[in-house]
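Structure data (mmCIF, C-alpha atoms and all ligand atoms) from model_15.cif:
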```cif
data_data
loop_
_atom_site.label_atom_id
_atom_site.label_comp_id
_atom_site.auth_asym_id
_atom_site.auth_seq_id
_atom_site.Cartn_x
_atom_site.Cartn_y
_atom_site.Cartn_z
CA MET H 63 -32.90 -17.09 11.27
CA LEU H 64 -30.28 -15.40 13.44
CA ASN H 65 -28.00 -18.42 13.16
CA GLU H 66 -28.36 -18.44 9.39
CA ALA H 67 -27.57 -14.70 9.26
CA GLN H 68 -24.57 -15.26 11.52
CA SER H 69 -23.21 -18.09 9.48
CA TRP H 70 -22.92 -16.23 6.16
CA PHE H 71 -21.25 -13.36 8.03
CA ASP H 72 -18.85 -15.70 9.81
CA VAL H 73 -17.92 -17.32 6.49
CA LEU H 74 -17.22 -13.89 5.07
CA ARG H 75 -15.26 -12.59 8.05
CA ARG H 76 -13.11 -15.72 8.13
CA GLU H 77 -12.39 -15.50 4.41
CA VAL H 78 -11.50 -11.79 4.40
CA LYS H 79 -9.20 -12.29 7.40
CA ARG H 80 -7.57 -15.36 5.84
CA SER H 81 -7.09 -13.70 2.44
CA THR H 82 -5.99 -10.21 3.51
CA GLY H 83 -5.54 -10.05 7.30
CA VAL H 84 -8.28 -7.41 7.42
CA VAL H 85 -10.60 -7.76 10.41
CA ILE H 86 -14.31 -7.05 9.95
CA GLU H 87 -15.95 -6.10 13.26
CA THR H 88 -18.78 -8.37 14.44
CA ASP H 89 -21.39 -5.58 14.38
CA ARG H 90 -20.91 -4.82 10.67
CA ALA H 91 -23.26 -7.43 9.17
CA SER H 92 -25.82 -5.04 7.70
CA PHE H 93 -23.12 -2.69 6.39
CA VAL H 94 -21.40 -5.65 4.72
CA ALA H 95 -24.67 -6.96 3.28
CA SER H 96 -25.39 -3.65 1.59
CA ARG H 97 -21.80 -3.32 0.39
CA LEU H 98 -21.95 -6.72 -1.30
CA ALA H 99 -25.44 -6.27 -2.75
CA SER H 100 -24.26 -5.11 -6.19
CA VAL H 101 -21.64 -7.91 -6.39
CA ALA H 102 -24.40 -10.43 -5.60
CA ARG H 103 -26.62 -8.92 -8.28
CA ASP H 104 -23.84 -8.87 -10.90
CA LEU H 105 -23.01 -12.54 -10.26
CA GLY H 106 -26.66 -13.63 -10.26
CA PHE H 107 -27.16 -14.34 -6.55
CA PRO H 108 -30.45 -13.39 -4.85
CA ASP H 109 -28.62 -11.50 -2.06
CA SER H 110 -25.32 -10.97 -0.22
CA GLN H 111 -25.98 -13.89 2.12
CA HIS H 112 -26.14 -16.41 -0.76
CA LEU H 113 -23.10 -14.77 -2.35
CA CYS H 114 -21.03 -15.22 0.81
CA MET H 115 -22.13 -18.83 1.29
CA ALA H 116 -20.80 -19.50 -2.22
CA LEU H 117 -17.32 -19.03 -0.71
CA ILE H 118 -17.69 -22.53 0.71
CA GLY H 119 -19.31 -24.04 -2.39
CA PRO H 120 -18.43 -24.97 -5.98
CA ARG H 121 -18.57 -21.31 -7.18
CA ARG H 122 -15.84 -20.25 -4.73
CA ALA H 123 -13.26 -19.46 -7.43
CA GLU H 124 -15.73 -17.20 -9.22
CA VAL H 125 -16.89 -15.21 -6.18
CA HIS H 126 -13.66 -14.93 -4.19
CA ALA H 127 -11.90 -12.03 -5.94
CA PRO H 128 -15.03 -9.85 -6.39
CA ILE H 129 -15.92 -10.31 -2.69
CA ILE H 130 -12.40 -9.47 -1.49
CA ASP H 131 -12.23 -6.47 -3.82
CA ALA H 132 -15.54 -5.18 -2.47
CA MET H 133 -14.57 -5.68 1.17
CA VAL H 134 -11.15 -3.99 1.28
CA VAL H 135 -11.11 -0.25 1.89
CA ASN H 136 -9.45 1.45 -1.08
CA GLU H 137 -9.65 4.99 0.34
CA THR H 138 -6.64 6.98 -0.88
CA SER H 139 -5.66 10.29 -2.44
CA PHE H 140 -2.71 12.03 -4.06
CA PHE H 141 -0.12 13.27 -1.53
CA ARG H 142 -2.29 11.98 1.31
CA ASP H 143 -1.43 13.77 4.58
CA LYS H 144 1.21 15.91 2.78
CA THR H 145 3.79 15.79 5.64
CA PRO H 146 5.15 12.31 4.81
CA PHE H 147 5.86 13.44 1.25
CA GLU H 148 7.65 16.55 2.52
CA THR H 149 9.70 14.36 4.86
CA PHE H 150 10.42 11.96 2.00
CA CYS H 151 11.59 14.82 -0.20
CA ASN H 152 13.49 16.91 2.36
CA THR H 153 14.98 14.28 4.69
CA VAL H 154 14.76 10.72 3.43
CA LEU H 155 15.66 11.32 -0.19
CA PRO H 156 18.82 13.35 0.53
CA ALA H 157 19.90 10.68 3.07
CA MET H 158 19.35 7.86 0.58
CA LEU H 159 21.06 9.76 -2.25
CA ALA H 160 24.12 10.07 -0.04
CA ALA H 161 23.93 6.44 1.09
CA ARG H 162 23.52 5.09 -2.47
CA ALA H 163 25.92 7.46 -4.26
CA ASN H 164 28.19 4.57 -5.22
CA VAL H 165 25.47 2.49 -6.89
CA ARG H 166 23.22 5.33 -8.05
CA ALA H 167 20.12 3.19 -7.73
CA LEU H 168 17.04 3.55 -5.54
CA ARG H 169 14.18 1.10 -5.10
CA ILE H 170 10.89 2.24 -3.60
CA TRP H 171 8.02 -0.03 -2.62
CA CYS H 172 4.51 1.29 -2.37
CA ALA H 173 2.86 -1.55 -0.48
CA ALA H 174 -0.97 -1.49 -0.31
CA CYS H 175 -0.99 1.13 -3.06
CA SER H 176 -4.75 0.95 -3.75
CA THR H 177 -5.62 2.69 -7.03
CA GLY H 178 -2.16 4.19 -7.56
CA GLN H 179 -2.37 7.76 -6.24
CA GLU H 180 0.34 7.17 -3.62
CA ALA H 181 2.79 5.56 -6.04
CA TYR H 182 2.26 8.34 -8.61
CA SER H 183 2.70 10.94 -5.85
CA ILE H 184 6.12 9.40 -5.14
CA ALA H 185 6.95 9.42 -8.85
CA MET H 186 5.92 13.09 -9.16
CA THR H 187 8.00 13.96 -6.08
CA LEU H 188 11.02 12.31 -7.67
CA ASP H 189 10.35 14.07 -10.95
CA GLU H 190 10.66 17.39 -9.12
CA GLU H 191 14.11 16.21 -8.04
CA ALA H 192 15.14 15.27 -11.57
CA ARG H 193 18.42 17.13 -11.41
CA ALA H 194 19.66 15.37 -8.24
CA LEU H 195 18.57 12.05 -9.70
CA SER H 196 20.12 12.52 -13.13
CA GLY H 197 21.95 9.30 -14.05
CA TRP H 198 20.20 7.31 -11.30
CA ARG H 199 18.14 4.19 -11.78
CA VAL H 200 14.95 4.58 -9.76
CA GLU H 201 12.35 1.84 -9.49
CA ILE H 202 8.92 2.32 -7.93
CA THR H 203 6.79 -0.77 -7.42
CA GLY H 204 3.17 -0.60 -6.26
CA VAL H 205 1.42 -3.70 -4.93
CA ASP H 206 -2.06 -4.38 -3.58
CA VAL H 207 -4.18 -7.43 -2.84
CA SER H 208 -7.09 -6.03 -4.86
CA GLN H 209 -6.97 -6.87 -8.58
CA THR H 210 -9.50 -4.12 -9.36
CA ALA H 211 -7.35 -1.56 -7.55
CA ILE H 212 -4.22 -2.70 -9.39
CA GLU H 213 -5.97 -2.45 -12.76
CA ALA H 214 -7.12 1.09 -11.91
CA ALA H 215 -3.57 1.98 -10.82
CA ARG H 216 -2.14 0.69 -14.10
CA ALA H 217 -4.71 2.67 -16.09
CA GLY H 218 -3.72 5.83 -14.17
CA ALA H 219 -6.96 7.59 -15.11
CA TYR H 220 -8.75 9.61 -12.43
CA ASN H 221 -11.98 11.60 -12.29
CA GLN H 222 -12.35 15.23 -11.29
CA PHE H 223 -13.09 14.39 -7.66
CA GLN H 224 -9.98 12.20 -7.37
CA VAL H 225 -7.59 14.76 -8.87
CA GLN H 226 -9.03 17.53 -6.73
CA ARG H 227 -7.94 15.63 -3.63
CA GLY H 228 -4.30 16.45 -2.99
CA LEU H 229 -3.05 17.80 -6.31
CA ALA H 230 -2.18 21.45 -6.92
CA VAL H 231 -3.46 22.89 -10.20
CA SER H 232 0.14 23.22 -11.41
CA GLN H 233 0.74 19.49 -10.76
CA LEU H 234 -2.49 18.57 -12.51
CA LEU H 235 -1.55 20.57 -15.60
CA ARG H 236 2.02 19.34 -15.58
CA TYR H 237 1.50 15.63 -14.95
CA PHE H 238 -1.93 14.80 -16.38
CA ARG H 239 -3.72 15.09 -19.68
CA ARG H 240 -7.46 15.47 -19.86
CA SER H 241 -9.74 13.40 -22.03
CA ARG H 242 -13.44 14.03 -21.59
CA ASP H 243 -14.16 13.78 -17.85
CA MET H 244 -11.00 11.86 -16.89
CA TRP H 245 -7.42 12.92 -16.18
CA THR H 246 -4.71 10.44 -17.19
CA ILE H 247 -1.24 10.45 -15.68
CA SER H 248 1.41 11.42 -18.22
CA GLU H 249 3.39 8.65 -19.83
CA HIS H 250 6.76 9.73 -18.42
CA ILE H 251 5.40 9.35 -14.85
CA ARG H 252 3.43 6.19 -15.53
CA GLU H 253 6.40 4.37 -17.04
CA ARG H 254 8.37 4.85 -13.82
CA VAL H 255 5.90 2.82 -11.76
CA ARG H 256 5.22 -0.89 -12.01
CA PHE H 257 2.12 -2.39 -10.39
CA GLU H 258 1.41 -5.96 -9.40
CA ARG H 259 -1.14 -7.85 -7.34
CA MET H 260 0.30 -9.16 -4.09
CA ASN H 261 -0.94 -10.24 -0.68
CA LEU H 262 1.52 -8.64 1.71
CA LEU H 263 0.79 -11.16 4.43
CA ASP H 264 1.74 -14.23 2.46
CA THR H 265 4.47 -12.98 0.11
CA THR H 266 7.85 -11.50 0.88
CA PRO H 267 10.04 -10.02 -1.82
CA ARG H 268 13.76 -10.72 -1.95
CA ALA H 269 15.48 -9.76 1.33
CA GLY H 270 16.49 -6.10 1.32
CA ALA H 271 14.80 -5.52 -2.03
CA PHE H 272 13.78 -1.92 -1.23
CA ASP H 273 15.48 1.19 0.15
CA VAL H 274 12.25 2.97 1.08
CA ILE H 275 8.85 1.42 1.79
CA PHE H 276 5.52 3.21 1.95
CA CYS H 277 2.94 0.97 3.62
CA ARG H 278 0.33 3.45 4.69
CA ASN H 279 -3.16 2.87 6.06
CA LEU H 280 -3.24 -0.90 5.90
CA MET H 281 -2.03 -1.71 9.41
CA LEU H 282 -5.04 -0.01 10.99
CA TYR H 283 -7.35 -2.68 9.51
CA LEU H 284 -5.34 -5.61 10.95
CA ASP H 285 -5.36 -7.25 14.36
CA ALA H 286 -2.24 -7.49 16.55
CA HIS H 287 -1.10 -10.72 14.88
CA GLY H 288 -1.62 -9.27 11.40
CA ARG H 289 0.27 -6.10 12.29
CA ARG H 290 3.18 -8.12 13.65
CA THR H 291 3.27 -10.34 10.55
CA LEU H 292 3.10 -7.32 8.26
CA LEU H 293 5.96 -5.52 10.03
CA GLU H 294 8.07 -8.69 9.92
CA ARG H 295 7.56 -8.96 6.16
CA LEU H 296 8.25 -5.28 5.56
CA SER H 297 11.37 -5.59 7.65
CA GLY H 298 12.56 -8.48 5.49
CA ALA H 299 11.99 -6.45 2.33
CA LEU H 300 13.76 -3.28 3.54
CA THR H 301 17.50 -2.59 3.40
CA PRO H 302 19.10 -2.37 6.88
CA ASP H 303 19.53 1.42 6.47
CA GLY H 304 16.14 2.01 4.83
CA TYR H 305 13.00 3.92 5.83
CA LEU H 306 9.41 2.78 6.38
CA PHE H 307 6.52 5.24 6.01
CA LEU H 308 3.29 4.27 7.79
CA GLY H 309 -0.11 6.00 7.84
CA ALA H 310 -0.69 9.12 9.94
CA THR H 311 -2.39 7.12 12.72
CA GLU H 312 -0.08 4.11 12.55
CA THR H 313 3.17 3.37 14.32
CA ALA H 314 5.79 0.64 14.55
CA LEU H 315 6.09 1.24 18.29
CA GLY H 316 6.55 -2.11 20.04
CA SER H 317 7.92 -3.81 16.94
CA GLU H 318 11.04 -5.95 17.33
CA ASP H 319 12.18 -4.97 13.85
CA PHE H 320 11.55 -1.22 13.64
CA GLN H 321 12.31 1.85 15.71
CA PRO H 322 9.90 4.81 15.21
CA CYS H 323 11.65 8.12 14.49
CA PRO H 324 11.46 10.79 17.23
CA ASN H 325 8.35 13.00 16.86
CA GLN H 326 7.37 11.13 13.69
CA PRO H 327 5.70 7.90 14.86
CA TRP H 328 4.60 7.18 11.27
CA LEU H 329 8.24 6.98 10.09
CA ALA H 330 10.36 4.04 11.18
CA ARG H 331 13.81 2.63 10.59
CA PRO H 332 15.10 -0.90 11.08
CA ARG H 333 16.53 -1.33 14.57
CA SER H 334 19.77 -2.41 12.88
CA ALA H 335 20.07 1.10 11.33
CA GLY H 336 20.42 2.58 14.84
CA ALA H 337 23.00 -0.04 15.73
CA GLN H 338 25.01 0.72 12.58
CA ALA H 339 24.97 4.45 13.30
CA GLN H 340 26.46 3.76 16.73
CA ARG H 341 29.27 1.68 15.22
CA PRO H 342 30.69 3.93 12.50
CA HIS H 343 34.19 2.48 12.64
CA LEU H 344 33.22 -1.13 12.34
CA ARG H 345 35.21 -2.79 9.53
CA VAL H 346 34.83 -6.25 8.06
CA VAL H 347 38.16 -7.89 8.69
CA GLY H 348 39.44 -10.41 6.18
CA ALA H 349 36.55 -9.85 3.72
C1 LIG T 401 -6.90 2.38 2.80
S1 LIG T 401 -6.02 1.75 1.42
C2 LIG T 401 -4.47 2.59 1.60
C3 LIG T 401 -3.97 3.13 0.27
C4 LIG T 401 -2.72 3.99 0.38
N1 LIG T 401 -1.62 3.27 0.92
C5 LIG T 401 -3.01 5.23 1.18
O1 LIG T 401 -2.57 5.32 2.33
O2 LIG T 401 -3.66 6.14 0.68
C6 LIG T 401 -5.63 0.10 2.02
C7 LIG T 401 -5.23 -0.83 0.89
O3 LIG T 401 -4.69 -2.01 1.45
C8 LIG T 401 -5.01 -3.07 0.56
N2 LIG T 401 -4.83 -4.35 1.28
C9 LIG T 401 -5.61 -4.89 2.25
N3 LIG T 401 -5.08 -6.05 2.66
C10 LIG T 401 -3.95 -6.25 1.94
C11 LIG T 401 -2.98 -7.27 1.90
N4 LIG T 401 -3.04 -8.34 2.73
N5 LIG T 401 -1.95 -7.19 1.01
C12 LIG T 401 -1.88 -6.12 0.18
N6 LIG T 401 -2.77 -5.11 0.17
C13 LIG T 401 -3.79 -5.16 1.04
C14 LIG T 401 -6.44 -2.77 0.17
O4 LIG T 401 -6.80 -3.44 -1.02
C15 LIG T 401 -6.42 -1.25 0.02
O5 LIG T 401 -6.18 -0.88 -1.32
#
```

Before we go any further, please render this structure as structure tokens.
Ligand SMILES: C[S@@+](CC[C@H](N)C(=O)[O-])C[C@H]1O[C@@H](n2cnc3c(N)ncnc32)[C@H](O)[C@@H]1O
Amino acid sequence: MLNEAQSWFDVLRREVKRSTGVVIETDRASFVASRLASVARDLGFPDSQHLCMALIGPRRAEVHAPIIDAMVVNETSFFRDKTPFETFCNTVLPAMLAARANVRALRIWCAACSTGQEAYSIAMTLDEEARALSGWRVEITGVDVSQTAIEAARAGAYNQFQVQRGLAVSQLLRYFRRSRDMWTISEHIRERVRFERMNLLDTTPRAGAFDVIFCRNLMLYLDAHGRRTLLERLSGALTPDGYLFLGATETALGSEDFQPCPNQPWLARPRSAGAQAQRPHLRVVGA
């Protein structure tokens, strides 16, 4: 009996790790079973154990996405932790506006965006800076491994509980319209953000595709190998003078690619950015 119980849980743990990098602790079997109970019911399985065993059977394609969606932690809120958004607005944005003045374009990646609150918080922050950004092309791209989360992000409709977490009343009235019990993000904010499904551990965008990356509160669910892989991929996607925002309890300390900022362990810059700053007179000869 114990072996049988272990085996469905092992199948599940292996699959979640393989598909997302997320590690499920070995003592979480009963938590996981209750979390998957409604998915099992919806798909016609007698219980979570049978549902998980279907990952290694002919119904794999049918059960895979619903299981992964149920197992990832989508916890998020608007302007989560506040300080990173203040730092983005007061420090990072002015620095990037100066650095990109010649091209007047800024590309921001919200990696592991969950149901969209973080990406829309960035878009609202930029809207407040509309004057400084007049004439600029700004792209915000949100990605997440969960299809359900991405669909919710695209819909941009939030309930009362969700909008109460992190939004000031003035922001709610300015950037949302209410219909029945839901608040929908206004069109001019929504059209600035593009969302797509992506597994960050097995896909890398074009090298240097983004000037600023938010990848907050994913790393804490990964093991050391997953964290290293993630930071390598983020490093590939970031411009050499860009900025990486991590979650409040996360840091790039120990990474070969990133250097955490002093007193802000959740903000990091490519190591090459430090090297460039120390070589201000370097010129490309014969280019
Ligand atoms: C706790 S939420 C963080 C949301 C948001 N960044 C924040 O800090 O509020 C973690 C998100 O990471 C996503 N995720 C987990 N593994 C992923 C992977 N390999 N690639 C992309 N997203 C992943 C989950 O689906 C979930 O939406």

Report task. Give the residue list for ligand LIG 401 (chain T) at 6 Å, counting only C-alpha atoms and all ligand atoms, as a VMD selection string, sorted by chain and then by residue number. Result -> chain H and resid 82 to 84 134 to 139 174 to 176 180 206 to 208 260 to 263 277 to 280

Can you list every residue of range 180-247 of chain H that has an atom at most 8 Å from range 157-170 of chain H, with its nearest atom pair and the distance in Å to one decimal, using all atoms listed in the file, ordered by chain then number, as a tab-separated table?
```
residue	atom	partner	partner_atom	distance
H:Gly197	CA	H:Arg166	CA	7.3
H:Trp198	CA	H:Arg166	CA	4.9
H:Arg199	CA	H:Ala167	CA	4.6
H:Val200	CA	H:Leu168	CA	4.8
H:Glu201	CA	H:Arg169	CA	4.8
H:Ile202	CA	H:Ile170	CA	4.8
H:Thr203	CA	H:Ile170	CA	6.4
```

Requested in this report: Choose the residue, out of H:Arg240, H:Arg268, H:Arg216, H:Arg333, that has the smallest atom-to-atom separation from Gly304 in chain H; count only C-alpha atoms.
Outcome: H:Arg333

Query raised in the report: Separation of CA of Arg97 in chain H and CA of Leu229 in chain H, in Å?
Result: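 That distance, rounded to one decimal, is 29.0 Å.
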
Query - Atomic separation - CA of Ala99 in chain H relative to CA of Glu213 in chain H, Å - result: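 Between CA of Glu213 in chain H and CA of Ala99 in chain H the gap works out to 22.2 Å.
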
Query raised in the report: Which value, in Å to one decimal, gives the distance between CA of Leu235 in chain H and CA of Gln209 in chain H?
Result: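 We find that CA of Leu235 in chain H and CA of Gln209 in chain H lie 28.8 Å from each other.
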
Give the padded box for range 122-141 of chain H as AutoDock Vina command-line options: axis-aligned, covering all atoms listed in the file, 4 Å on each side, centre and edge lengths in Å to one decimal.
```
--center_x -8.5 --center_y -3.5 --center_z -3.7 --size_x 24.8 --size_y 41.5 --size_z 19.1
```

Query - Close residues, Met186 in chain H itself excluded, 12 Å, only C-alpha atoms, min 3 positions apart in chain, as a PyMOL selection string - result: chain H and resi 140-141+147+151+179-183+189-192+202+229-230+232-234+236-238+247-255

Query raised in the report: Of the residues H:Ala219, H:Val225, H:Cys323, H:Val231, which is the one nearest to Thr246 in chain H, using only C-alpha atoms?
Result: H:Ala219

Query raised in the report: Using all atoms listed in the file, which residues sit within 12 Å of Gly316 in chain H once same-chain residues fewer than 2 positions away are excluded, as a ChimeraX atom specification?
Result: /H:286,289-290,293,312-314,318-322,327,330,333

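Ranking H:Asp273, H:Asp285, H:Asp72, H:Asp89 by their shortest atom-to-atom distance to Gly298 in chain H, with all atoms listed in the file included, puts H:Asp273 first.
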
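With all atoms listed in the file as the basis for measurement, H:Thr149 is the residue among H:Thr210, H:Thr149, H:Ser241, H:Thr187 that approaches Leu306 in chain H most closely.
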